[in-house]
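Visitor: There's a structure below that I have some questions on.
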Amino acid sequence: MKERYRGRKSILIYVYSSPEAAQVDPQPIEANEWDAWASRQLHAFYMFDASKHEEYIKILPAGGSWVVPGGPYSTRIDLPAKIPPHCRVEINNRCLIATDYLTYPAEALKRRETGTVVLAATITRGGKVDRVRVVKAEAASPEAESLLTKAAVLALSSGTFESSLHDDVVRITYSYVIDDSARYTDGEKVEWALPDKITISAKPPD
């Protein structure tokens, strides 16, 4: 695109996972629910600004946001890249391209339930997460175990990774932790230790 529009002082290209979302203003003056949905379908953008000597791609696995530019888990890759770039969230050098927000199940958080869920899955050559299965789940009660397991399975199943010449078999432990020192406005905190661990922590409501 830079070569095609040679001479332009600035270029901004948005990459969506939905044609409908691509029709929406990415920076609305007064955002509504449709704008919020559309922003979650924004998974990358390319920026070129000659006046600032900037050229980069930003990958947005969990979608964009008009409130927090770039959204969570995002990776900026400055161009031209002098070394093979790596994403903030990746497995076996395969970038996480799209995923739902990782959340602490509301009912489990309200009841201060904690636990761990170990999942196994296959990342296909095309980048889809397939054959998700529960290896082990531990929590204080059967209800908590069910809530946390469902959340972990949905989280892993929603992922799309960079394509590759081979499948990758993964085994990931999802840990759900209560953090009373956090602020309510912080929401969930996600700590990535891929390829084998993800920790989701949050503060329960009063």
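The way I read the labels, and the way they are meant: chains A, B, ... in the order of the structure tokens, residue 1 as the first residue of every chain, and ligand 1 as the first ligand shown, with later ones counted on from there.
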If DSSP is run on the backbone, what residues of region 56-96 of chain A are strand (DSSP E)? A reply as a ChimeraX atom specification would be ideal.
Guide: /A:56-59,75-78,90-91,94-96
Visitor: Restricted to N, CA and C atoms, what would the selected residues look like written as a PDB file, in the first residue's frame?
Guide:
```
ATOM      1  N   TYR A  56       4.624   1.310  11.330  1.00  0.00           N
ATOM      2  CA  TYR A  56       4.499   0.104  12.147  1.00  0.00           C
ATOM      3  C   TYR A  56       3.169  -0.596  11.915  1.00  0.00           C
ATOM      4  N   ILE A  57       3.131  -1.851  12.342  1.00  0.00           N
ATOM      5  CA  ILE A  57       1.902  -2.638  12.367  1.00  0.00           C
ATOM      6  C   ILE A  57       1.578  -2.922  13.829  1.00  0.00           C
ATOM      7  N   LYS A  58       0.309  -2.834  14.183  1.00  0.00           N
ATOM      8  CA  LYS A  58      -0.103  -3.190  15.532  1.00  0.00           C
ATOM      9  C   LYS A  58      -1.116  -4.322  15.450  1.00  0.00           C
ATOM     10  N   ILE A  59      -0.823  -5.411  16.159  1.00  0.00           N
ATOM     11  CA  ILE A  59      -1.696  -6.578  16.192  1.00  0.00           C
ATOM     12  C   ILE A  59      -2.524  -6.522  17.465  1.00  0.00           C
ATOM     13  N   THR A  75       0.440  -5.955  20.262  1.00  0.00           N
ATOM     14  CA  THR A  75       1.869  -5.953  19.923  1.00  0.00           C
ATOM     15  C   THR A  75       2.117  -4.940  18.821  1.00  0.00           C
ATOM     16  N   ARG A  76       3.108  -4.081  19.027  1.00  0.00           N
ATOM     17  CA  ARG A  76       3.522  -3.143  17.981  1.00  0.00           C
ATOM     18  C   ARG A  76       4.807  -3.655  17.345  1.00  0.00           C
ATOM     19  N   ILE A  77       4.832  -3.713  16.014  1.00  0.00           N
ATOM     20  CA  ILE A  77       6.003  -4.153  15.267  1.00  0.00           C
ATOM     21  C   ILE A  77       6.458  -2.995  14.390  1.00  0.00           C
ATOM     22  N   ASP A  78       7.575  -2.381  14.742  1.00  0.00           N
ATOM     23  CA  ASP A  78       8.103  -1.267  13.968  1.00  0.00           C
ATOM     24  C   ASP A  78       8.707  -1.778  12.658  1.00  0.00           C
ATOM     25  N   GLU A  90       2.186 -15.303  22.018  1.00  0.00           N
ATOM     26  CA  GLU A  90       2.430 -16.241  20.938  1.00  0.00           C
ATOM     27  C   GLU A  90       2.746 -17.624  21.502  1.00  0.00           C
ATOM     28  N   ILE A  91       2.599 -18.626  20.664  1.00  0.00           N
ATOM     29  CA  ILE A  91       2.965 -20.001  21.004  1.00  0.00           C
ATOM     30  C   ILE A  91       3.779 -20.564  19.847  1.00  0.00           C
ATOM     31  N   ARG A  94       4.127 -18.474  16.890  1.00  0.00           N
ATOM     32  CA  ARG A  94       2.891 -18.195  16.166  1.00  0.00           C
ATOM     33  C   ARG A  94       2.087 -17.166  16.951  1.00  0.00           C
ATOM     34  N   CYS A  95       1.918 -15.987  16.366  1.00  0.00           N
ATOM     35  CA  CYS A  95       1.220 -14.897  17.054  1.00  0.00           C
ATOM     36  C   CYS A  95      -0.247 -15.242  17.300  1.00  0.00           C
ATOM     37  N   LEU A  96      -0.747 -14.819  18.454  1.00  0.00           N
ATOM     38  CA  LEU A  96      -2.184 -14.875  18.696  1.00  0.00           C
ATOM     39  C   LEU A  96      -2.804 -13.700  17.950  1.00  0.00           C
TER      40      LEU A  96
END
```
Visitor: Give me the residues near region 39-52 of chain A as a ChimeraX atom specification, where near means some atom within 10 Å (using only C-alpha atoms) and where sequence neighbours in that chain fewer than 4 positions away do not count.
Guide: /A:1-2,7-22,24-27,33-35,56-66,70-71,74-79,97-101
Visitor: From the options A:Val129, A:Leu109, A:Ala120, A:Val135, which residue's atoms come nearest to Ala202 (chain A), counting only C-alpha atoms?
Guide: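 Looking at the shortest contact to Ala202 (chain A), the residue is A:Leu109.
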Visitor: Just the residues within 10 Å of Arg171 (chain A), please, counting only C-alpha atoms, with nothing from its chain fewer than 6 positions along; format it as a list in words.
Guide: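 Skipping anything fewer than 6 positions along the chain leaves Val118, Leu119, Ala120, Ala121, Thr122, Val132, Arg133, Val134, Val135, Leu194, Pro195, Asp196 and Lys197 of chain A.
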Visitor: Write out as a list in words all residues of region 50-121 of chain A that DSSP puts in alpha helix (DSSP H) for this structure's backbone.
Guide: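 Going through region 50-121 of chain A, the alpha helix (DSSP H) residues come out as Ala106, Glu107, Ala108, Leu109 and Lys110 of chain A.
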Visitor: Could you save the residues just selected, with N, CA and C atoms, as an mmCIF file, in the first residue's frame?
Guide:
```
data_model
loop_
_atom_site.group_PDB
_atom_site.id
_atom_site.type_symbol
_atom_site.label_atom_id
_atom_site.label_comp_id
_atom_site.auth_asym_id
_atom_site.auth_seq_id
_atom_site.Cartn_x
_atom_site.Cartn_y
_atom_site.Cartn_z
ATOM 1 N N ALA A 106 -18.295 -14.437 36.494
ATOM 2 C CA ALA A 106 -18.886 -13.520 37.480
ATOM 3 C C ALA A 106 -19.377 -14.245 38.728
ATOM 4 N N GLU A 107 -20.054 -15.372 38.551
ATOM 5 C CA GLU A 107 -20.596 -16.089 39.704
ATOM 6 C C GLU A 107 -19.481 -16.665 40.563
ATOM 7 N N ALA A 108 -18.450 -17.190 39.947
ATOM 8 C CA ALA A 108 -17.317 -17.727 40.697
ATOM 9 C C ALA A 108 -16.586 -16.614 41.437
ATOM 10 N N LEU A 109 -16.455 -15.452 40.798
ATOM 11 C CA LEU A 109 -15.795 -14.315 41.448
ATOM 12 C C LEU A 109 -16.607 -13.827 42.634
ATOM 13 N N LYS A 110 -17.912 -13.739 42.463
ATOM 14 C CA LYS A 110 -18.797 -13.293 43.540
ATOM 15 C C LYS A 110 -18.687 -14.214 44.748
#
```
Visitor: Distance CA of Ser146 (chain A)-CA of Ile178 (chain A), one decimal place?
Guide: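 So the answer is 17.3 Å.
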Visitor: I want to know what sits within 9 Å of Ala152 (chain A), based on only C-alpha atoms, with residues of the same chain fewer than 6 positions away left out; could you give that as a ChimeraX atom specification?
Guide: /A:102-103,117-119,173-174
Visitor: Suppose we keep C-alpha atoms; can you now write the selection as a PDB file, in the first residue's frame?
Guide:
```pdb
ATOM      1  CA  LEU A 102     -10.232 -13.571  29.160  1.00  0.00           C
ATOM      2  CA  THR A 103     -12.655 -13.101  32.040  1.00  0.00           C
ATOM      3  CA  VAL A 117      -8.058 -25.930  34.732  1.00  0.00           C
ATOM      4  CA  VAL A 118      -5.599 -27.800  32.532  1.00  0.00           C
ATOM      5  CA  LEU A 119      -6.557 -27.980  28.854  1.00  0.00           C
ATOM      6  CA  THR A 173      -3.035 -24.372  32.715  1.00  0.00           C
ATOM      7  CA  TYR A 174      -5.592 -21.657  33.442  1.00  0.00           C
TER       8      TYR A 174
END
```
Visitor: Could you state the separation of CA of Phe161 (chain A) and CA of Ala38 (chain A) in Å, given to one decimal place?
Guide: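 Separation between CA of Phe161 (chain A) and CA of Ala38 (chain A): 20.3 Å.
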Visitor: Do you know which residues are at most 9 Å from Gly115 (chain A) counting only C-alpha atoms, after dropping those on the same chain fewer than 3 positions away, and could you put them as a list in words?
Guide: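 Residues near the query, excluding close chain neighbours: Ala137, Glu138, Ala139, Ala140, Ala144, Glu145, Leu148, Tyr174, Ser175, Tyr176 and Val177 of chain A.
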Visitor: Write out as a list of chain:residue names the residues lying within 8 Å of Lys203 (chain A), counting only C-alpha atoms and excluding same-chain residues fewer than 6 positions away.
Guide: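 Skipping anything fewer than 6 positions along the chain leaves A:Leu109, A:Ile178, A:Asp179, A:Asp180, A:Ser181, A:Ala182, A:Arg183, A:Tyr184, A:Gly187, A:Glu188.
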Visitor: Could you check which of A:Tyr104, A:Glu143, A:Lys136, A:Arg125 is closest to Thr199 (chain A), using only C-alpha atoms?
Guide: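 Looking at the shortest contact to Thr199 (chain A), the residue is A:Tyr104.
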Visitor: May I ask for the distance between CA of Gly126 (chain A) and CA of Ser163 (chain A), given in Å to one decimal place?
Guide: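 Between CA of Gly126 (chain A) and CA of Ser163 (chain A) the gap works out to 4.7 Å.
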Visitor: Which residue is closest to Asp130 (chain A)? Choose from A:Thr114, A:Thr160, A:Ser201, A:Thr149 and count only C-alpha atoms.
Guide: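 For Asp130 (chain A), the nearest of the given residues is A:Thr160.
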Visitor: Just checking: using only C-alpha atoms, which residue out of A:Leu147, A:Ile123, A:Cys87, A:Val153 ends up closest to Trp192 (chain A)?
Guide: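 Closest residue, counting only C-alpha atoms: A:Cys87.
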